[in-house]
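Asks: I am sharing work_22.tsv, which consists of TSV, C-alpha atoms:
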chain	number	residue	atom	x	y	z
A	1	MET	CA	26.73	-8.53	4.20
A	2	ASN	CA	26.07	-11.48	6.47
A	3	VAL	CA	23.16	-10.88	8.87
A	4	ALA	CA	24.99	-12.27	11.89
A	5	VAL	CA	28.01	-10.08	11.20
A	6	ALA	CA	25.76	-7.03	10.88
A	7	ILE	CA	24.07	-7.75	14.21
A	8	ASP	CA	27.43	-8.21	15.91
A	9	SER	CA	28.75	-4.91	14.61
A	10	VAL	CA	25.97	-2.95	16.38
A	11	PRO	CA	26.76	-2.26	20.02
A	12	GLN	CA	23.87	-4.20	21.55
A	13	ALA	CA	24.04	-2.87	25.09
A	14	ALA	CA	24.15	0.77	24.00
A	15	LEU	CA	20.75	0.70	22.30
A	16	PRO	CA	17.38	0.26	23.98
A	17	SER	CA	15.42	-2.50	22.29
A	18	ALA	CA	12.51	-1.51	20.07
A	19	SER	CA	9.96	-2.92	22.53
A	20	GLU	CA	11.22	-0.60	25.28
A	21	ALA	CA	11.63	2.46	23.10
A	22	GLY	CA	7.96	2.98	22.27
A	23	PRO	CA	6.42	3.44	18.84
A	24	ALA	CA	8.74	3.77	15.86
A	25	PRO	CA	9.31	7.20	14.30
A	26	LYS	CA	6.58	8.33	11.95
A	27	ARG	CA	8.83	8.16	8.89
A	28	ILE	CA	9.26	4.41	9.39
A	29	VAL	CA	5.56	3.83	10.09
A	30	VAL	CA	4.46	5.83	7.03
A	31	ALA	CA	6.95	4.24	4.66
A	32	TYR	CA	6.24	0.74	5.96
A	33	GLY	CA	2.49	1.23	5.52
A	34	PHE	CA	3.05	2.48	2.00
A	35	TRP	CA	5.32	-0.50	1.33
A	36	ILE	CA	2.43	-2.82	2.35
A	37	PHE	CA	0.13	-0.93	-0.05
A	38	LEU	CA	2.66	-1.29	-2.87
A	39	LEU	CA	2.90	-5.03	-2.28
A	40	SER	CA	-0.90	-5.29	-2.48
A	41	ASP	CA	-0.74	-3.30	-5.71
A	42	ILE	CA	1.82	-5.77	-7.04
A	43	VAL	CA	-0.49	-8.64	-6.07
A	44	MET	CA	-3.22	-6.96	-8.15
A	45	PHE	CA	-0.81	-6.75	-11.09
A	46	ALA	CA	-0.01	-10.45	-10.55
A	47	ALA	CA	-3.71	-11.23	-11.11
A	48	LEU	CA	-3.66	-9.18	-14.34
A	49	PHE	CA	-0.45	-10.93	-15.45
A	50	ALA	CA	-2.07	-14.32	-14.75
A	51	SER	CA	-5.17	-13.48	-16.80
A	52	TYR	CA	-2.95	-12.20	-19.63
A	53	ALA	CA	-0.89	-15.40	-19.59
A	54	VAL	CA	-4.06	-17.49	-19.76
A	55	LEU	CA	-5.64	-15.46	-22.58
A	56	VAL	CA	-2.56	-14.70	-24.69
A	57	ARG	CA	-3.42	-17.35	-27.31
A	58	ALA	CA	-7.16	-16.48	-27.41
A	59	THR	CA	-6.90	-14.13	-30.37
A	60	ALA	CA	-10.26	-15.20	-31.90
A	61	GLY	CA	-8.81	-14.90	-35.42
A	62	GLY	CA	-7.67	-11.35	-34.72
A	63	PRO	CA	-4.15	-9.98	-34.69
A	64	ALA	CA	-1.60	-11.56	-32.33
A	65	GLY	CA	1.11	-9.77	-30.41
A	66	ALA	CA	3.82	-10.37	-33.00
A	67	GLN	CA	1.85	-8.38	-35.61
A	68	LEU	CA	1.02	-5.51	-33.25
A	69	PHE	CA	4.06	-4.78	-31.12
A	70	ASN	CA	6.82	-2.45	-32.22
A	71	GLN	CA	10.01	-3.32	-30.36
A	72	ARG	CA	11.64	0.05	-31.01
A	73	THR	CA	8.84	1.85	-29.20
A	74	VAL	CA	9.04	-0.62	-26.32
A	75	ALA	CA	12.81	-0.14	-26.04
A	76	ILE	CA	12.43	3.65	-25.87
A	77	GLU	CA	9.63	3.34	-23.32
A	78	THR	CA	11.77	1.01	-21.20
A	79	ALA	CA	14.75	3.36	-21.32
A	80	CYS	CA	12.54	6.35	-20.39
A	81	LEU	CA	11.09	4.61	-17.35
A	82	LEU	CA	14.43	3.20	-16.19
A	83	VAL	CA	16.24	6.55	-16.40
A	84	SER	CA	13.29	8.30	-14.72
A	85	SER	CA	13.58	5.79	-11.87
A	86	TYR	CA	17.26	6.74	-11.62
A	87	THR	CA	16.57	10.49	-11.59
A	88	CYS	CA	13.85	9.88	-8.99
A	89	GLY	CA	16.54	8.23	-6.84
A	90	LEU	CA	18.84	11.23	-7.33
A	91	MET	CA	15.88	13.45	-6.36
A	92	SER	CA	15.49	11.59	-3.04
A	93	LEU	CA	19.21	12.14	-2.40
A	94	ALA	CA	18.69	15.87	-3.02
A	95	ILE	CA	15.75	15.80	-0.59
A	96	SER	CA	17.86	14.33	2.19
A	97	SER	CA	20.52	16.99	1.63
A	98	ARG	CA	17.85	19.76	1.44
A	99	ASN	CA	19.04	20.79	-2.01
A	100	ARG	CA	16.01	22.60	-3.39
A	101	LEU	CA	17.40	23.16	-6.88
A	102	GLY	CA	18.44	19.51	-7.13
A	103	VAL	CA	14.94	18.42	-6.12
A	104	TYR	CA	13.30	20.59	-8.78
A	105	LEU	CA	15.77	19.43	-11.42
A	106	GLY	CA	15.34	15.74	-10.52
A	107	ALA	CA	11.56	16.12	-10.49
A	108	LEU	CA	11.59	17.90	-13.85
A	109	VAL	CA	13.67	15.20	-15.56
A	110	THR	CA	11.58	12.46	-13.91
A	111	PHE	CA	8.37	14.15	-15.07
A	112	VAL	CA	9.56	14.68	-18.65
A	113	LEU	CA	10.72	11.07	-18.99
A	114	GLY	CA	7.51	9.75	-17.46
A	115	ALA	CA	5.43	11.94	-19.77
A	116	THR	CA	7.44	10.71	-22.77
A	117	PHE	CA	6.74	7.14	-21.73
A	118	LEU	CA	3.04	7.91	-21.43
A	119	ALA	CA	2.90	9.70	-24.79
A	120	LEU	CA	4.56	6.75	-26.54
A	121	GLU	CA	2.15	4.33	-24.89
A	122	ILE	CA	-0.91	6.39	-25.86
A	123	ARG	CA	0.39	6.62	-29.43
A	124	GLU	CA	0.87	2.84	-29.48
A	125	PHE	CA	-2.67	2.26	-28.20
A	126	ALA	CA	-4.10	4.71	-30.74
A	127	SER	CA	-2.28	3.04	-33.63
A	128	MET	CA	-3.57	-0.37	-32.48
A	129	ILE	CA	-7.15	0.88	-32.20
A	130	ALA	CA	-6.83	2.51	-35.64
A	131	ILE	CA	-6.23	-0.88	-37.28
A	132	GLY	CA	-9.14	-2.49	-35.45
A	133	ALA	CA	-7.17	-4.07	-32.59
A	134	THR	CA	-9.55	-2.73	-29.94
A	135	PRO	CA	-10.09	-4.27	-26.49
A	136	GLU	CA	-13.35	-5.86	-27.65
A	137	ARG	CA	-11.72	-7.58	-30.65
A	138	SER	CA	-10.46	-10.63	-28.72
A	139	ALA	CA	-9.82	-11.92	-25.21
A	140	PHE	CA	-6.08	-11.47	-25.82
A	141	LEU	CA	-6.55	-7.77	-26.59
A	142	SER	CA	-8.87	-7.30	-23.59
A	143	ALA	CA	-6.20	-8.75	-21.30
A	144	PHE	CA	-3.46	-6.71	-23.02
A	145	PHE	CA	-5.26	-3.38	-22.67
A	146	THR	CA	-6.23	-4.15	-19.06
A	147	LEU	CA	-2.68	-5.03	-17.99
A	148	VAL	CA	-0.72	-2.39	-19.89
A	149	GLY	CA	-3.45	0.23	-19.47
A	150	CYS	CA	-3.52	-0.31	-15.70
A	151	HIS	CA	0.23	0.30	-15.57
A	152	GLY	CA	-0.19	3.42	-17.73
A	153	LEU	CA	-2.91	4.64	-15.37
A	154	HIS	CA	-0.49	4.20	-12.46
A	155	VAL	CA	2.14	6.24	-14.33
A	156	THR	CA	-0.45	8.97	-14.97
A	157	LEU	CA	-1.35	9.11	-11.28
A	158	GLY	CA	2.36	9.17	-10.41
A	159	LEU	CA	2.93	12.18	-12.69
A	160	ILE	CA	0.01	14.06	-11.10
A	161	TRP	CA	1.36	13.15	-7.66
A	162	LEU	CA	4.82	14.45	-8.63
A	163	VAL	CA	3.39	17.82	-9.71
A	164	VAL	CA	1.42	18.08	-6.45
A	165	MET	CA	4.58	17.27	-4.45
A	166	MET	CA	6.59	19.97	-6.24
A	167	VAL	CA	3.88	22.51	-5.43
A	168	GLN	CA	4.04	21.39	-1.80
A	169	VAL	CA	7.84	21.72	-1.73
A	170	ALA	CA	7.54	25.22	-3.22
A	171	VAL	CA	4.83	26.34	-0.77
A	172	MET	CA	5.63	24.43	2.42
A	173	GLY	CA	9.33	23.69	2.02
A	174	PHE	CA	10.97	20.55	3.40
A	175	VAL	CA	8.66	20.05	6.39
A	176	THR	CA	8.42	16.55	7.83
A	177	SER	CA	5.09	15.63	6.26
A	178	VAL	CA	6.28	16.67	2.80
A	179	GLN	CA	9.41	14.57	3.25
A	180	HIS	CA	7.29	11.55	4.16
A	181	ARG	CA	5.14	12.05	1.05
A	182	LEU	CA	8.21	12.39	-1.16
A	183	LEU	CA	9.58	9.13	0.27
A	184	CYS	CA	6.27	7.42	-0.55
A	185	PHE	CA	6.34	8.89	-4.06
A	186	SER	CA	9.82	7.54	-4.76
A	187	LEU	CA	8.78	4.09	-3.49
A	188	PHE	CA	5.75	4.24	-5.81
A	189	TRP	CA	7.82	5.28	-8.83
A	190	HIS	CA	10.45	2.55	-8.31
A	191	ALA	CA	7.69	-0.06	-7.88
A	192	LEU	CA	6.12	1.03	-11.18
A	193	ASP	CA	9.45	0.42	-12.90
A	194	ILE	CA	9.60	-3.09	-11.39
A	195	VAL	CA	6.10	-3.82	-12.77
A	196	TRP	CA	7.21	-2.51	-16.18
A	197	VAL	CA	10.13	-4.99	-16.20
A	198	GLY	CA	7.51	-7.74	-15.96
A	199	ILE	CA	5.37	-6.17	-18.69
A	200	PHE	CA	8.10	-5.64	-21.27
A	201	THR	CA	9.37	-9.18	-20.69
A	202	VAL	CA	6.10	-11.11	-20.55
A	203	VAL	CA	3.97	-9.05	-22.95
A	204	TYR	CA	6.35	-7.58	-25.49
A	205	LEU	CA	9.52	-9.70	-25.69
A	206	MET	CA	7.83	-13.07	-25.16
A	207	GLY	CA	5.09	-11.88	-27.55
A	208	VAL	CA	7.46	-11.18	-30.45
A	209	SER	CA	10.02	-13.95	-29.93
A	210	PRO	CA	9.19	-17.05	-31.98
B	1	MET	CA	19.92	8.43	12.85
B	2	THR	CA	17.66	6.86	15.50
B	3	ASP	CA	18.84	6.04	18.98
B	4	ALA	CA	16.79	2.87	19.35
B	5	ARG	CA	16.99	-0.37	17.42
B	6	TYR	CA	14.27	0.56	14.95
B	7	ASP	CA	13.76	-0.86	11.52
B	8	LEU	CA	14.77	0.95	8.39
B	9	ALA	CA	12.03	2.69	6.43
B	10	PRO	CA	11.66	1.04	3.03
B	11	GLY	CA	13.46	3.15	0.42
B	12	ASP	CA	15.88	4.67	2.91
B	13	ILE	CA	19.58	4.05	2.40
B	14	PRO	CA	21.11	2.17	5.36
B	15	SER	CA	23.22	4.42	7.59
B	16	GLU	CA	26.92	3.94	8.17
B	17	GLU	CA	26.41	2.58	11.69
B	18	ILE	CA	25.66	-0.84	10.25
B	19	GLN	CA	27.90	-0.89	7.21
B	20	ALA	CA	31.60	-0.53	7.78
B	21	TRP	CA	32.13	0.87	4.30
B	22	ALA	CA	29.17	2.77	2.91
B	23	PRO	CA	29.20	3.87	-0.74
B	24	SER	CA	27.58	7.21	-1.52
B	25	GLY	CA	23.93	7.22	-2.51
B	26	ALA	CA	24.58	8.47	-6.04
B	27	LEU	CA	27.07	5.64	-6.62
B	28	ILE	CA	24.48	3.05	-5.52
B	29	TYR	CA	21.87	4.46	-7.93
B	30	THR	CA	24.39	4.67	-10.77
B	31	ILE	CA	25.53	1.07	-10.34
B	32	GLY	CA	21.87	0.00	-10.29
B	33	LEU	CA	21.13	1.97	-13.47
B	34	LEU	CA	24.12	0.50	-15.34
B	35	VAL	CA	23.37	-3.10	-14.33
B	36	ALA	CA	19.67	-2.64	-15.17
B	37	LEU	CA	20.57	-1.20	-18.58
B	38	ILE	CA	22.87	-4.16	-19.31
B	39	LEU	CA	20.16	-6.63	-18.30
B	40	THR	CA	17.53	-4.81	-20.40
B	41	ALA	CA	19.81	-4.78	-23.45
B	42	THR	CA	20.49	-8.50	-22.94
B	43	SER	CA	16.74	-9.18	-22.76
B	44	PHE	CA	16.12	-7.40	-26.07
B	45	TRP	CA	19.08	-9.23	-27.65
B	46	VAL	CA	17.83	-12.62	-26.41
B	47	ALA	CA	14.36	-11.97	-27.84
B	48	ASN	CA	15.69	-11.10	-31.29
B	49	THR	CA	18.73	-13.28	-31.85
B	50	SER	CA	18.69	-16.49	-33.82
B	51	LEU	CA	21.84	-17.78	-32.14
B	52	LEU	CA	20.01	-19.31	-29.18
B	53	TRP	CA	17.87	-22.41	-29.05
B	54	PRO	CA	14.30	-21.05	-29.45
B	55	GLY	CA	12.91	-23.34	-26.76
B	56	GLY	CA	15.08	-21.72	-24.11
B	57	VAL	CA	14.38	-18.09	-25.00
B	58	GLY	CA	11.29	-17.82	-22.78
B	59	LEU	CA	13.09	-19.21	-19.75
B	60	GLY	CA	16.11	-16.98	-20.40
B	61	LEU	CA	13.88	-13.89	-20.59
B	62	ALA	CA	12.18	-14.87	-17.32
B	63	VAL	CA	15.53	-15.27	-15.57
B	64	LEU	CA	16.74	-11.89	-16.89
B	65	ALA	CA	13.51	-10.21	-15.71
B	66	VAL	CA	13.77	-11.70	-12.22
B	67	ALA	CA	17.42	-10.61	-12.03
B	68	GLN	CA	16.50	-7.08	-13.07
B	69	MET	CA	13.69	-6.89	-10.50
B	70	GLY	CA	16.23	-7.98	-7.87
B	71	ILE	CA	18.61	-5.23	-9.02
B	72	HIS	CA	15.81	-2.67	-8.71
B	73	LEU	CA	14.93	-3.89	-5.21
B	74	VAL	CA	18.52	-3.77	-3.98
B	75	PHE	CA	19.89	-0.64	-5.69
B	76	PHE	CA	16.76	1.55	-6.03
B	77	LEU	CA	14.62	0.44	-3.06
B	78	HIS	CA	17.64	-0.42	-0.85
B	79	MET	CA	16.30	-3.74	0.38
B	80	THR	CA	19.14	-5.31	2.36
B	81	THR	CA	19.64	-8.42	4.45
B	82	GLY	CA	20.52	-6.26	7.45
B	83	PRO	CA	18.69	-6.68	10.76
B	84	ASP	CA	17.00	-3.28	10.45
B	85	SER	CA	15.37	-4.34	7.18
B	86	THR	CA	13.80	-7.59	8.42
B	87	ASN	CA	10.21	-6.37	8.45
B	88	ASN	CA	10.47	-4.94	4.94
B	89	ILE	CA	11.95	-8.20	3.64
B	90	LEU	CA	9.30	-10.30	5.39
B	91	ALA	CA	6.50	-8.20	3.90
B	92	LEU	CA	8.15	-8.55	0.49
B	93	ALA	CA	8.49	-12.32	0.94
B	94	PHE	CA	4.80	-12.62	1.81
B	95	GLY	CA	3.87	-10.50	-1.22
B	96	LEU	CA	6.01	-12.70	-3.46
B	97	LEU	CA	4.33	-15.81	-2.03
B	98	ILE	CA	0.90	-14.42	-2.95
B	99	VAL	CA	2.15	-13.39	-6.39
B	100	PHE	CA	3.50	-16.89	-6.97
B	101	VAL	CA	0.28	-18.56	-5.77
B	102	VAL	CA	-1.89	-16.31	-7.96
B	103	VAL	CA	0.18	-16.59	-11.15
B	104	ALA	CA	1.28	-20.23	-10.95
B	105	GLY	CA	-2.06	-21.40	-9.55
B	106	THR	CA	-4.07	-19.63	-12.25
B	107	MET	CA	-1.90	-20.92	-15.08
B	108	TRP	CA	-1.90	-24.46	-13.70
B	109	ILE	CA	-5.66	-24.62	-13.12
B	110	MET	CA	-6.53	-23.02	-16.46
B	111	ALA	CA	-4.13	-25.27	-18.42
B	112	ASP	CA	-5.58	-28.29	-16.62
B	113	MET	CA	-9.16	-27.26	-17.38
B	114	ASN	CA	-8.24	-26.48	-20.97
B	115	GLN	CA	-6.94	-30.01	-21.35
B	116	ASN	CA	-9.75	-31.82	-19.55
B	117	MET	CA	-12.67	-29.88	-20.97
B	118	MET	CA	-11.59	-30.45	-24.58
B	119	MET	CA	-13.91	-33.18	-25.77
B	120	PRO	CA	-13.14	-35.03	-28.98
B	121	PRO	CA	-16.09	-34.86	-31.42
B	122	ALA	CA	-16.75	-38.62	-31.23
B	123	ALA	CA	-17.12	-38.57	-27.46
B	124	ALA	CA	-19.41	-35.56	-27.63
B	125	MET	CA	-21.54	-37.35	-30.23
B	126	SER	CA	-21.91	-40.50	-28.12
B	127	MET	CA	-22.96	-38.42	-25.10
B	128	GLY	CA	-25.61	-36.72	-27.15
B	129	ILE	CA	-24.11	-33.24	-26.77
B	130	PRO	CA	-24.77	-31.16	-29.87
B	131	ARG	CA	-21.75	-29.29	-31.10
Using the file provided, produce a representation of the structure as structure tokens.
Replies:
Amino acid sequence: MNVAVAIDSVPQAALPSASEAGPAPKRIVVAYGFWIFLLSDIVMFAALFASYAVLVRATAGGPAGAQLFNQRTVAIETACLLVSSYTCGLMSLAISSRNRLGVYLGALVTFVLGATFLALEIREFASMIAIGATPERSAFLSAFFTLVGCHGLHVTLGLIWLVVMMVQVAVMGFVTSVQHRLLCFSLFWHALDIVWVGIFTVVYLMGVSP
Amino acid sequence: MTDARYDLAPGDIPSEEIQAWAPSGALIYTIGLLVALILTATSFWVANTSLLWPGGVGLGLAVLAVAQMGIHLVFFLHMTTGPDSTNNILALAFGLLIVFVVVAGTMWIMADMNQNMMMPPAAAMSMGIPR
């Protein structure tokens, strides 16, 4: 929608302006602060992407990406994370309609898909290390394990956070602070999926394509 | 929702006050999932097909990735161009600026250094640098 049209459709005189109305509600302040944190996190990933792009050819005679990456695994990982992002969105809809069963169900599916992603990634790392493609083998592998491992670490933290949030929902119910934390969690989970889009494109698909 | 002209919290779906016709939340997420799945499948096809000119595959993959990130921002994080989303968009724009400076700047500087620091053996010999 056009911005000007959207402004016109709000009755301007009926609303006090934000400068007269005092501080914004806490939900907006919390989510906006977390949004700033997520952007700084994405800037950190940008630095890791940049170092990977610089070092991708520095294989030091060791294996290159095309010999190491299994596209089937990557496709399953991508599907897991994408669908878990979707179920996380459905979970936030259940939160706003106070549907406790829906929240638990959404969280369960999100957790299982995220855990599947993590298990596949750990298996991939283990199979690479088993054939000698360890982080200390070459600069390319150092950059690869740093970038993909950092994303995997974020997913691990997200899964722990999700379990903690479900305990809080069970114990405290839908109080305001729990709702704010759940909003932050869904922002975090969606942002992780956006980072993964960059990883599967830059690392895996560009690595295997001729 | 709120009685003042506050911004929208990032991740919140815009209320119906602004949009004349508001689709349900589940429909927004489902559209996002379907479009993202199509783009992902296209990315995997582009990387594996032999029908395309190999020189353009990298660029095509980059375009598909940027498109999919945009889909995620709009359909999953509900970033809109509405007036109540201005602060979120501005923060995102600043973040993207830094991302661009870091990635493009690093690749440019490192490629430049790679080119200029490569010394042909003859030149190294005449400067007395042992190799």
Asks: Show me the residues close to (9.2, 6.5, -4.2) - anything with an atom within 10 Å, counting all atoms listed in the file - and format the list as a list of chain:residue names.
Replies: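 Those within range, by chain then number, are A:Ala31, A:Phe34, A:Trp35, A:Ser85, A:Cys88, A:Gly89, A:Met91, A:Ser92, A:Gly158, A:His180, A:Arg181, A:Leu182, A:Leu183, A:Cys184, A:Phe185, A:Ser186, A:Leu187, A:Phe188, A:Trp189, A:His190, A:Ala191, A:Leu192, B:Pro10, B:Gly11, B:Asp12, B:Phe76, B:Leu77.
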Asks: Export C-alpha atoms of the chosen residues as a PDB file, in the coordinates of the input?
Replies:
ATOM      1  CA  ALA A  31       6.950   4.240   4.660  1.00  0.00           C
ATOM      2  CA  PHE A  34       3.050   2.480   2.000  1.00  0.00           C
ATOM      3  CA  TRP A  35       5.320  -0.500   1.330  1.00  0.00           C
ATOM      4  CA  SER A  85      13.580   5.790 -11.870  1.00  0.00           C
ATOM      5  CA  CYS A  88      13.850   9.880  -8.990  1.00  0.00           C
ATOM      6  CA  GLY A  89      16.540   8.230  -6.840  1.00  0.00           C
ATOM      7  CA  MET A  91      15.880  13.450  -6.360  1.00  0.00           C
ATOM      8  CA  SER A  92      15.490  11.590  -3.040  1.00  0.00           C
ATOM      9  CA  GLY A 158       2.360   9.170 -10.410  1.00  0.00           C
ATOM     10  CA  HIS A 180       7.290  11.550   4.160  1.00  0.00           C
ATOM     11  CA  ARG A 181       5.140  12.050   1.050  1.00  0.00           C
ATOM     12  CA  LEU A 182       8.210  12.390  -1.160  1.00  0.00           C
ATOM     13  CA  LEU A 183       9.580   9.130   0.270  1.00  0.00           C
ATOM     14  CA  CYS A 184       6.270   7.420  -0.550  1.00  0.00           C
ATOM     15  CA  PHE A 185       6.340   8.890  -4.060  1.00  0.00           C
ATOM     16  CA  SER A 186       9.820   7.540  -4.760  1.00  0.00           C
ATOM     17  CA  LEU A 187       8.780   4.090  -3.490  1.00  0.00           C
ATOM     18  CA  PHE A 188       5.750   4.240  -5.810  1.00  0.00           C
ATOM     19  CA  TRP A 189       7.820   5.280  -8.830  1.00  0.00           C
ATOM     20  CA  HIS A 190      10.450   2.550  -8.310  1.00  0.00           C
ATOM     21  CA  ALA A 191       7.690  -0.060  -7.880  1.00  0.00           C
ATOM     22  CA  LEU A 192       6.120   1.030 -11.180  1.00  0.00           C
TER      23      LEU A 192
ATOM     24  CA  PRO B  10      11.660   1.040   3.030  1.00  0.00           C
ATOM     25  CA  GLY B  11      13.460   3.150   0.420  1.00  0.00           C
ATOM     26  CA  ASP B  12      15.880   4.670   2.910  1.00  0.00           C
ATOM     27  CA  PHE B  76      16.760   1.550  -6.030  1.00  0.00           C
ATOM     28  CA  LEU B  77      14.620   0.440  -3.060  1.00  0.00           C
TER      29      LEU B  77
END
Asks: Considering only C-alpha atoms, can you say which of A:Ile194, A:Val163, A:Leu38, A:Leu81 comes closest to chain B?
Replies: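 Result for the nearest residue to chain B: A:Ile194.
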Asks: Give me the chain B side of the contact with chain A, cut-off 8 Å, one line per residue showing its nearest atom pair and distance in Å at one decimal, counting only C-alpha atoms, sorted by chain and residue number, as JSON lines.
Replies:
{"residue": "B:Asp3", "atom": "CA", "partner": "A:Leu15", "partner_atom": "CA", "distance": 6.6}
{"residue": "B:Ala4", "atom": "CA", "partner": "A:Pro16", "partner_atom": "CA", "distance": 5.3}
{"residue": "B:Arg5", "atom": "CA", "partner": "A:Ala18", "partner_atom": "CA", "distance": 5.3}
{"residue": "B:Tyr6", "atom": "CA", "partner": "A:Ala18", "partner_atom": "CA", "distance": 5.8}
{"residue": "B:Asp7", "atom": "CA", "partner": "A:Ile28", "partner_atom": "CA", "distance": 7.2}
{"residue": "B:Leu8", "atom": "CA", "partner": "A:Ile28", "partner_atom": "CA", "distance": 6.6}
{"residue": "B:Ala9", "atom": "CA", "partner": "A:Ile28", "partner_atom": "CA", "distance": 4.4}
{"residue": "B:Pro10", "atom": "CA", "partner": "A:Ala31", "partner_atom": "CA", "distance": 5.9}
{"residue": "B:Gly11", "atom": "CA", "partner": "A:Leu187", "partner_atom": "CA", "distance": 6.2}
{"residue": "B:Glu17", "atom": "CA", "partner": "A:Val10", "partner_atom": "CA", "distance": 7.3}
{"residue": "B:Ile18", "atom": "CA", "partner": "A:Ala6", "partner_atom": "CA", "distance": 6.2}
{"residue": "B:Gln19", "atom": "CA", "partner": "A:Ala6", "partner_atom": "CA", "distance": 7.5}
{"residue": "B:Gly25", "atom": "CA", "partner": "A:Leu93", "partner_atom": "CA", "distance": 6.8}
{"residue": "B:Ala26", "atom": "CA", "partner": "A:Leu90", "partner_atom": "CA", "distance": 6.5}
{"residue": "B:Tyr29", "atom": "CA", "partner": "A:Tyr86", "partner_atom": "CA", "distance": 6.3}
{"residue": "B:Thr30", "atom": "CA", "partner": "A:Tyr86", "partner_atom": "CA", "distance": 7.5}
{"residue": "B:Leu33", "atom": "CA", "partner": "A:Tyr86", "partner_atom": "CA", "distance": 6.4}
{"residue": "B:Ala36", "atom": "CA", "partner": "A:Leu82", "partner_atom": "CA", "distance": 7.9}
{"residue": "B:Leu37", "atom": "CA", "partner": "A:Ala79", "partner_atom": "CA", "distance": 7.9}
{"residue": "B:Ser43", "atom": "CA", "partner": "A:Thr201", "partner_atom": "CA", "distance": 7.7}
{"residue": "B:Phe44", "atom": "CA", "partner": "A:Leu205", "partner_atom": "CA", "distance": 7.0}
{"residue": "B:Ala47", "atom": "CA", "partner": "A:Ser209", "partner_atom": "CA", "distance": 5.2}
{"residue": "B:Asn48", "atom": "CA", "partner": "A:Ser209", "partner_atom": "CA", "distance": 6.5}
{"residue": "B:Pro54", "atom": "CA", "partner": "A:Pro210", "partner_atom": "CA", "distance": 7.0}
{"residue": "B:Val57", "atom": "CA", "partner": "A:Ser209", "partner_atom": "CA", "distance": 7.8}
{"residue": "B:Gly58", "atom": "CA", "partner": "A:Met206", "partner_atom": "CA", "distance": 6.3}
{"residue": "B:Leu61", "atom": "CA", "partner": "A:Thr201", "partner_atom": "CA", "distance": 6.5}
{"residue": "B:Ala62", "atom": "CA", "partner": "A:Thr201", "partner_atom": "CA", "distance": 7.2}
{"residue": "B:Ala65", "atom": "CA", "partner": "A:Val197", "partner_atom": "CA", "distance": 6.2}
{"residue": "B:Gln68", "atom": "CA", "partner": "A:Val197", "partner_atom": "CA", "distance": 7.4}
{"residue": "B:Met69", "atom": "CA", "partner": "A:Ile194", "partner_atom": "CA", "distance": 5.7}
{"residue": "B:His72", "atom": "CA", "partner": "A:Ile194", "partner_atom": "CA", "distance": 6.8}
{"residue": "B:Phe76", "atom": "CA", "partner": "A:Gly89", "partner_atom": "CA", "distance": 6.7}
{"residue": "B:Leu77", "atom": "CA", "partner": "A:Leu187", "partner_atom": "CA", "distance": 6.9}
{"residue": "B:Thr81", "atom": "CA", "partner": "A:Val3", "partner_atom": "CA", "distance": 6.2}
{"residue": "B:Gly82", "atom": "CA", "partner": "A:Val3", "partner_atom": "CA", "distance": 5.5}
{"residue": "B:Pro83", "atom": "CA", "partner": "A:Val3", "partner_atom": "CA", "distance": 6.4}
{"residue": "B:Asn88", "atom": "CA", "partner": "A:Tyr32", "partner_atom": "CA", "distance": 7.2}
{"residue": "B:Ala91", "atom": "CA", "partner": "A:Ile36", "partner_atom": "CA", "distance": 6.9}
{"residue": "B:Leu92", "atom": "CA", "partner": "A:Leu39", "partner_atom": "CA", "distance": 6.9}
{"residue": "B:Gly95", "atom": "CA", "partner": "A:Leu39", "partner_atom": "CA", "distance": 5.7}
{"residue": "B:Ile98", "atom": "CA", "partner": "A:Val43", "partner_atom": "CA", "distance": 6.7}
{"residue": "B:Val99", "atom": "CA", "partner": "A:Val43", "partner_atom": "CA", "distance": 5.4}
{"residue": "B:Val102", "atom": "CA", "partner": "A:Ala47", "partner_atom": "CA", "distance": 6.2}
{"residue": "B:Val103", "atom": "CA", "partner": "A:Ala50", "partner_atom": "CA", "distance": 4.8}
{"residue": "B:Ala104", "atom": "CA", "partner": "A:Ala50", "partner_atom": "CA", "distance": 7.8}
{"residue": "B:Thr106", "atom": "CA", "partner": "A:Ala50", "partner_atom": "CA", "distance": 6.2}
{"residue": "B:Met107", "atom": "CA", "partner": "A:Val54", "partner_atom": "CA", "distance": 6.2}
{"residue": "B:Met110", "atom": "CA", "partner": "A:Val54", "partner_atom": "CA", "distance": 6.9}
{"residue": "B:Ala111", "atom": "CA", "partner": "A:Val54", "partner_atom": "CA", "distance": 7.9}
Asks: Please compute the CA of Gly152 (chain A)-CA of Glu121 (chain A) distance, one decimal, in Å.
Replies: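 According to the coordinates, CA of Gly152 (chain A) and CA of Glu121 (chain A) are separated by 7.6 Å.
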Asks: Hey, can you check how far CA of Leu39 (chain B) sits from CA of Gly105 (chain B)?
Replies: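 Here the two named atoms are 28.1 Å from each other.
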Asks: Could you please determine the separation between CA of Ala67 (chain B) and CA of Thr86 (chain B) in Å, to one decimal place?
Replies: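 Atom-to-atom, CA of Ala67 (chain B) to CA of Thr86 (chain B), that is 21.0 Å.
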Asks: Considering only C-alpha atoms, can you say which of B:Ile71, B:Leu52, B:Asn114, B:Met79 comes closest to Ile31 (chain B)?
Replies: B:Ile71
Asks: Ranking A:Ala133, A:Leu147, A:Ala107, A:Ala60 by minimum distance to Met165 (chain A) and counting all atoms listed in the file, which one comes first?
Replies: A:Ala107
